[in-house]
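Novice: Sharing a structure below in C-alpha cells format, with a few things to ask.
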Amino acid sequence: MQEKKVVIETNGPHIARISVFETNRFSKNTLVGYCEVDLFDLLTKDLEEEHVEDLALLDPSSSTTTMGTISVSCYIEDPVETEQSFARRVLAIV
C-alpha cells in the first residue's frame, strides 16, 4: 500500500494516472496495468469520512482489456494541518 498526497488547484489538472508495476531485482520493472481517475469527481462525493472506490486496472497494450481492479481511497485534509506538518518536516531537516 502506498500513500500519495496531492494538491489540486481549482483550475489546474485533475486527472491522475495510476500505473502499477511489477518489480524485482533481476529485471526491469514491468508495467502491469494502469487506470485514470478524475480527482474532482472523487473529491466532490460525500467525504465526511474516507472514500474508497474500486477502479478497473487496464491492460497497457489494450485499453479495452481489464487486468483486475485497484482500490483508491481519498480524503480532504485540513490545509492548516498540512501546512504545519510540512513546516515540521522542513524544520526537522534543518
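Residue numbering restarts at 1 for every chain of the C-alpha cells, chains are lettered A, B, ... in their displayed order, and ligands are numbered from 1 as they appear.
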If you run DSSP over the backbone, which residues in region 9-80 of chain A end up strand (DSSP E or B)? Put them as a ChimeraX atom specification.

Specialist: /A:15-22,30-38,51-59,62-74

Novice: Which residues come within 8 Å of Arg17 (chain A), counting only C-alpha atoms, excluding same-chain residues fewer than 2 positions away, as a list in words?

Specialist: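 Result of the neighbour search: Ile15, Ser19, Tyr34, Cys35, Glu36 and Val37 of chain A.
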
Novice: Write the residues of the preceding selection, restricted to all heavy atoms, as a PDB file, in the first residue's frame.

Specialist:
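Result file follows (part_18.pdb):
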ATOM      1  N   ILE A  15      -6.899  15.051 -13.613  1.00  0.00           N
ATOM      2  CA  ILE A  15      -6.908  13.638 -13.993  1.00  0.00           C
ATOM      3  C   ILE A  15      -5.582  13.028 -13.530  1.00  0.00           C
ATOM      4  O   ILE A  15      -4.512  13.514 -13.873  1.00  0.00           O
ATOM      5  CB  ILE A  15      -7.056  13.449 -15.518  1.00  0.00           C
ATOM      6  CG1 ILE A  15      -8.317  14.126 -16.044  1.00  0.00           C
ATOM      7  CG2 ILE A  15      -7.022  11.959 -15.877  1.00  0.00           C
ATOM      8  CD1 ILE A  15      -9.609  13.520 -15.547  1.00  0.00           C
ATOM      9  N   SER A  19      -0.255   4.039 -12.313  1.00  0.00           N
ATOM     10  CA  SER A  19       0.386   2.923 -13.000  1.00  0.00           C
ATOM     11  C   SER A  19       0.853   1.901 -11.980  1.00  0.00           C
ATOM     12  O   SER A  19       1.411   2.258 -10.948  1.00  0.00           O
ATOM     13  CB  SER A  19       1.588   3.414 -13.811  1.00  0.00           C
ATOM     14  OG  SER A  19       1.174   4.359 -14.782  1.00  0.00           O
ATOM     15  N   TYR A  34      -2.836   0.072 -15.672  1.00  0.00           N
ATOM     16  CA  TYR A  34      -2.994   1.474 -15.281  1.00  0.00           C
ATOM     17  C   TYR A  34      -4.476   1.808 -15.200  1.00  0.00           C
ATOM     18  O   TYR A  34      -5.339   1.081 -15.703  1.00  0.00           O
ATOM     19  CB  TYR A  34      -2.297   2.401 -16.281  1.00  0.00           C
ATOM     20  CG  TYR A  34      -3.032   2.498 -17.596  1.00  0.00           C
ATOM     21  CD1 TYR A  34      -3.944   3.529 -17.824  1.00  0.00           C
ATOM     22  CD2 TYR A  34      -2.843   1.555 -18.587  1.00  0.00           C
ATOM     23  CE1 TYR A  34      -4.637   3.598 -19.019  1.00  0.00           C
ATOM     24  CE2 TYR A  34      -3.523   1.623 -19.784  1.00  0.00           C
ATOM     25  CZ  TYR A  34      -4.422   2.649 -19.993  1.00  0.00           C
ATOM     26  OH  TYR A  34      -5.109   2.715 -21.173  1.00  0.00           O
ATOM     27  N   CYS A  35      -4.771   2.914 -14.552  1.00  0.00           N
ATOM     28  CA  CYS A  35      -6.122   3.461 -14.566  1.00  0.00           C
ATOM     29  C   CYS A  35      -6.005   4.974 -14.476  1.00  0.00           C
ATOM     30  O   CYS A  35      -4.969   5.502 -14.081  1.00  0.00           O
ATOM     31  CB  CYS A  35      -6.979   2.902 -13.429  1.00  0.00           C
ATOM     32  SG  CYS A  35      -6.437   3.393 -11.795  1.00  0.00           S
ATOM     33  N   GLU A  36      -7.040   5.649 -14.893  1.00  0.00           N
ATOM     34  CA  GLU A  36      -7.099   7.097 -14.774  1.00  0.00           C
ATOM     35  C   GLU A  36      -8.300   7.444 -13.918  1.00  0.00           C
ATOM     36  O   GLU A  36      -9.354   6.822 -14.044  1.00  0.00           O
ATOM     37  CB  GLU A  36      -7.191   7.756 -16.148  1.00  0.00           C
ATOM     38  CG  GLU A  36      -5.909   7.608 -16.931  1.00  0.00           C
ATOM     39  CD  GLU A  36      -5.921   8.336 -18.265  1.00  0.00           C
ATOM     40  OE1 GLU A  36      -7.010   8.745 -18.719  1.00  0.00           O
ATOM     41  OE2 GLU A  36      -4.841   8.484 -18.835  1.00  0.00           O
ATOM     42  N   VAL A  37      -8.124   8.420 -13.047  1.00  0.00           N
ATOM     43  CA  VAL A  37      -9.201   8.822 -12.144  1.00  0.00           C
ATOM     44  C   VAL A  37      -9.319  10.337 -12.162  1.00  0.00           C
ATOM     45  O   VAL A  37      -8.320  11.048 -12.162  1.00  0.00           O
ATOM     46  CB  VAL A  37      -8.954   8.279 -10.716  1.00  0.00           C
ATOM     47  CG1 VAL A  37      -7.660   8.775 -10.141  1.00  0.00           C
ATOM     48  CG2 VAL A  37     -10.106   8.617  -9.798  1.00  0.00           C
TER      49      VAL A  37
END

Novice: Could you tell me which of A:Leu39, A:Leu31, A:Arg25, A:Cys74 comes closest to Glu9 (chain A) if we count only C-alpha atoms?

Specialist: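 For Glu9 (chain A), the nearest of the given residues is A:Leu39.
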
Novice: One number please: CA of Glu53 (chain A) to CA of Ile70 (chain A), in Å, one decimal.

Specialist: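 Separating CA of Glu53 (chain A) from CA of Ile70 (chain A) is a distance of 8.3 Å.
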
Novice: Go through A:Ile18, A:Ile76, A:Ala87, A:Ala92 and flag the residue nearest Thr44 (chain A), using only C-alpha atoms for the distances.

Specialist: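 Of the candidates, the smallest distance to Thr44 (chain A) is held by A:Ile76.
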
Novice: I want to know what sits within 12 Å of Ser62 (chain A), based on only C-alpha atoms, with residues of the same chain fewer than 3 positions away left out; could you give that as a PDB file with N, CA and C atoms, in the first residue's frame?

Specialist:
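Writing done, so here's selection-v7.pdb:
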ATOM      1  N   VAL A  32       2.226  -3.438 -15.361  1.00  0.00           N
ATOM      2  CA  VAL A  32       1.189  -4.461 -15.319  1.00  0.00           C
ATOM      3  C   VAL A  32      -0.141  -3.893 -15.794  1.00  0.00           C
ATOM      4  N   GLY A  33      -0.442  -2.663 -15.399  1.00  0.00           N
ATOM      5  CA  GLY A  33      -1.703  -2.040 -15.774  1.00  0.00           C
ATOM      6  C   GLY A  33      -1.760  -0.605 -15.296  1.00  0.00           C
ATOM      7  N   TYR A  34      -2.836   0.072 -15.672  1.00  0.00           N
ATOM      8  CA  TYR A  34      -2.994   1.474 -15.281  1.00  0.00           C
ATOM      9  C   TYR A  34      -4.476   1.808 -15.200  1.00  0.00           C
ATOM     10  N   LEU A  57      -8.321  -1.817 -13.593  1.00  0.00           N
ATOM     11  CA  LEU A  57      -6.904  -1.727 -13.952  1.00  0.00           C
ATOM     12  C   LEU A  57      -6.792  -2.215 -15.395  1.00  0.00           C
ATOM     13  N   LEU A  58      -6.452  -1.298 -16.294  1.00  0.00           N
ATOM     14  CA  LEU A  58      -6.447  -1.597 -17.728  1.00  0.00           C
ATOM     15  C   LEU A  58      -5.116  -2.156 -18.200  1.00  0.00           C
ATOM     16  N   ASP A  59      -5.191  -3.019 -19.187  1.00  0.00           N
ATOM     17  CA  ASP A  59      -4.012  -3.616 -19.818  1.00  0.00           C
ATOM     18  C   ASP A  59      -3.267  -2.523 -20.591  1.00  0.00           C
ATOM     19  N   THR A  65      -9.100  -4.014 -22.371  1.00  0.00           N
ATOM     20  CA  THR A  65      -8.941  -5.238 -21.588  1.00  0.00           C
ATOM     21  C   THR A  65      -8.641  -4.882 -20.137  1.00  0.00           C
ATOM     22  N   THR A  66      -9.427  -5.451 -19.222  1.00  0.00           N
ATOM     23  CA  THR A  66      -9.229  -5.207 -17.797  1.00  0.00           C
ATOM     24  C   THR A  66      -8.330  -6.290 -17.208  1.00  0.00           C
ATOM     25  N   MET A  67      -7.305  -5.859 -16.473  1.00  0.00           N
ATOM     26  CA  MET A  67      -6.356  -6.781 -15.849  1.00  0.00           C
ATOM     27  C   MET A  67      -6.763  -7.126 -14.421  1.00  0.00           C
TER      28      MET A  67
END

Novice: Pick out the residues sitting within 12 Å of region 3-5 of chain A, and hand them over as a list in words; count only C-alpha atoms, and ignore anything fewer than 2 positions along from it in its own chain.

Specialist: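 Skipping anything fewer than 2 positions along the chain leaves Met1, Val7, Ile8, Ala16, Ile18, Leu39, Val72, Ser73, Cys74, Tyr75, Ile76, Glu77, Pro79, Thr82 and Phe86 of chain A.
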
Novice: Just write the chosen residues, all heavy atoms, as a compact mmCIF listing (two decimals), in the first residue's frame.

Specialist:
# COMPACT_ATOMS: atom_id res chain seq x y z
N MET A 1 0.84 -1.17 0.00
CA MET A 1 0.00 0.00 0.00
C MET A 1 0.89 1.24 0.00
O MET A 1 1.90 1.28 0.68
CB MET A 1 -0.88 -0.01 1.24
CG MET A 1 -1.87 1.11 1.25
SD MET A 1 -3.07 0.93 2.55
CE MET A 1 -2.60 2.29 3.58
N VAL A 7 -1.93 18.22 -4.19
CA VAL A 7 -2.65 19.47 -4.06
C VAL A 7 -3.37 19.70 -5.38
O VAL A 7 -2.75 19.63 -6.45
CB VAL A 7 -1.69 20.64 -3.77
CG1 VAL A 7 -2.43 21.96 -3.75
CG2 VAL A 7 -0.96 20.41 -2.46
N ILE A 8 -4.66 19.93 -5.31
CA ILE A 8 -5.44 20.14 -6.52
C ILE A 8 -5.89 21.59 -6.57
O ILE A 8 -6.55 22.07 -5.64
CB ILE A 8 -6.67 19.21 -6.55
CG1 ILE A 8 -6.22 17.76 -6.44
CG2 ILE A 8 -7.48 19.44 -7.81
CD1 ILE A 8 -7.35 16.80 -6.28
N ALA A 16 -5.67 11.97 -12.73
CA ALA A 16 -4.46 11.29 -12.26
C ALA A 16 -4.38 9.93 -12.93
O ALA A 16 -5.37 9.21 -13.01
CB ALA A 16 -4.51 11.12 -10.74
N ILE A 18 -2.75 6.33 -12.58
CA ILE A 18 -2.10 5.44 -11.61
C ILE A 18 -1.56 4.25 -12.38
O ILE A 18 -2.32 3.55 -13.05
CB ILE A 18 -3.10 4.98 -10.54
CG1 ILE A 18 -3.67 6.20 -9.80
CG2 ILE A 18 -2.45 4.00 -9.59
CD1 ILE A 18 -4.83 5.88 -8.90
N LEU A 39 -9.92 13.32 -10.21
CA LEU A 39 -9.85 13.63 -8.79
C LEU A 39 -10.98 14.55 -8.35
O LEU A 39 -11.47 14.45 -7.23
CB LEU A 39 -8.48 14.24 -8.46
CG LEU A 39 -7.30 13.31 -8.71
CD1 LEU A 39 -5.99 14.05 -8.51
CD2 LEU A 39 -7.36 12.09 -7.82
N VAL A 72 -8.79 2.69 -4.55
CA VAL A 72 -8.24 4.02 -4.32
C VAL A 72 -9.07 4.66 -3.22
O VAL A 72 -10.30 4.64 -3.27
CB VAL A 72 -8.31 4.88 -5.61
CG1 VAL A 72 -7.84 6.29 -5.35
CG2 VAL A 72 -7.50 4.24 -6.72
N SER A 73 -8.40 5.21 -2.23
CA SER A 73 -9.13 5.91 -1.18
C SER A 73 -8.65 7.36 -1.14
O SER A 73 -7.51 7.67 -1.51
CB SER A 73 -8.91 5.24 0.18
OG SER A 73 -7.57 5.32 0.56
N CYS A 74 -9.53 8.24 -0.71
CA CYS A 74 -9.15 9.64 -0.64
C CYS A 74 -9.91 10.32 0.50
O CYS A 74 -10.94 9.85 0.95
CB CYS A 74 -9.40 10.35 -1.95
SG CYS A 74 -11.14 10.55 -2.34
N TYR A 75 -9.34 11.40 0.94
CA TYR A 75 -9.98 12.25 1.94
C TYR A 75 -9.41 13.65 1.78
O TYR A 75 -8.34 13.84 1.20
CB TYR A 75 -9.77 11.72 3.36
CG TYR A 75 -8.32 11.64 3.78
CD1 TYR A 75 -7.72 12.69 4.46
CD2 TYR A 75 -7.56 10.52 3.49
CE1 TYR A 75 -6.39 12.62 4.83
CE2 TYR A 75 -6.23 10.44 3.87
CZ TYR A 75 -5.66 11.50 4.54
OH TYR A 75 -4.34 11.43 4.90
N ILE A 76 -10.14 14.61 2.27
CA ILE A 76 -9.70 16.00 2.20
C ILE A 76 -9.02 16.32 3.53
O ILE A 76 -9.59 16.12 4.59
CB ILE A 76 -10.88 16.95 1.94
CG1 ILE A 76 -11.50 16.63 0.59
CG2 ILE A 76 -10.43 18.40 2.01
CD1 ILE A 76 -12.76 17.39 0.28
N GLU A 77 -7.80 16.80 3.43
CA GLU A 77 -7.02 17.12 4.62
C GLU A 77 -7.15 18.61 4.91
O GLU A 77 -7.19 19.43 4.00
CB GLU A 77 -5.56 16.75 4.35
CG GLU A 77 -4.71 16.73 5.58
CD GLU A 77 -3.34 16.15 5.29
OE1 GLU A 77 -3.18 14.92 5.40
OE2 GLU A 77 -2.43 16.93 4.94
N PRO A 79 -6.13 22.15 5.34
CA PRO A 79 -4.95 22.85 4.79
C PRO A 79 -4.03 23.41 5.87
O PRO A 79 -2.81 23.42 5.69
CB PRO A 79 -5.53 23.97 3.92
CG PRO A 79 -6.99 23.93 4.09
CD PRO A 79 -7.37 22.74 4.88
N THR A 82 -1.98 20.52 7.13
CA THR A 82 -0.99 20.15 6.11
C THR A 82 0.20 21.11 6.14
O THR A 82 1.36 20.68 6.08
CB THR A 82 -1.64 20.16 4.72
OG1 THR A 82 -2.74 19.27 4.73
CG2 THR A 82 -0.66 19.75 3.64
N PHE A 86 4.07 20.16 7.10
CA PHE A 86 5.17 20.45 6.17
C PHE A 86 6.25 21.27 6.87
O PHE A 86 7.44 20.97 6.75
CB PHE A 86 4.63 21.20 4.94
CG PHE A 86 5.70 21.58 3.97
CD1 PHE A 86 6.30 20.63 3.16
CD2 PHE A 86 6.12 22.90 3.87
CE1 PHE A 86 7.29 20.98 2.27
CE2 PHE A 86 7.11 23.25 2.97
CZ PHE A 86 7.70 22.29 2.17

Novice: Record the distance separating CA of Leu55 (chain A) and CA of Phe40 (chain A), expressed in Å with one decimal.

Specialist: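 Distance reported for this atom pair: 15.3 Å.
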
Novice: Of the candidates A:Leu43, A:Phe26, A:Ala56, A:Val20, which one gets nearest to Gln2 (chain A) if we count only C-alpha atoms?

Specialist: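 With only C-alpha atoms as the atom set, the closest residue is A:Val20.
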
Novice: Calculate how many Å separate CA of Asn11 (chain A) from CA of Glu83 (chain A), rounding to one decimal.

Specialist: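 CA of Glu83 (chain A) lies at a distance of 21.0 Å from CA of Asn11 (chain A).
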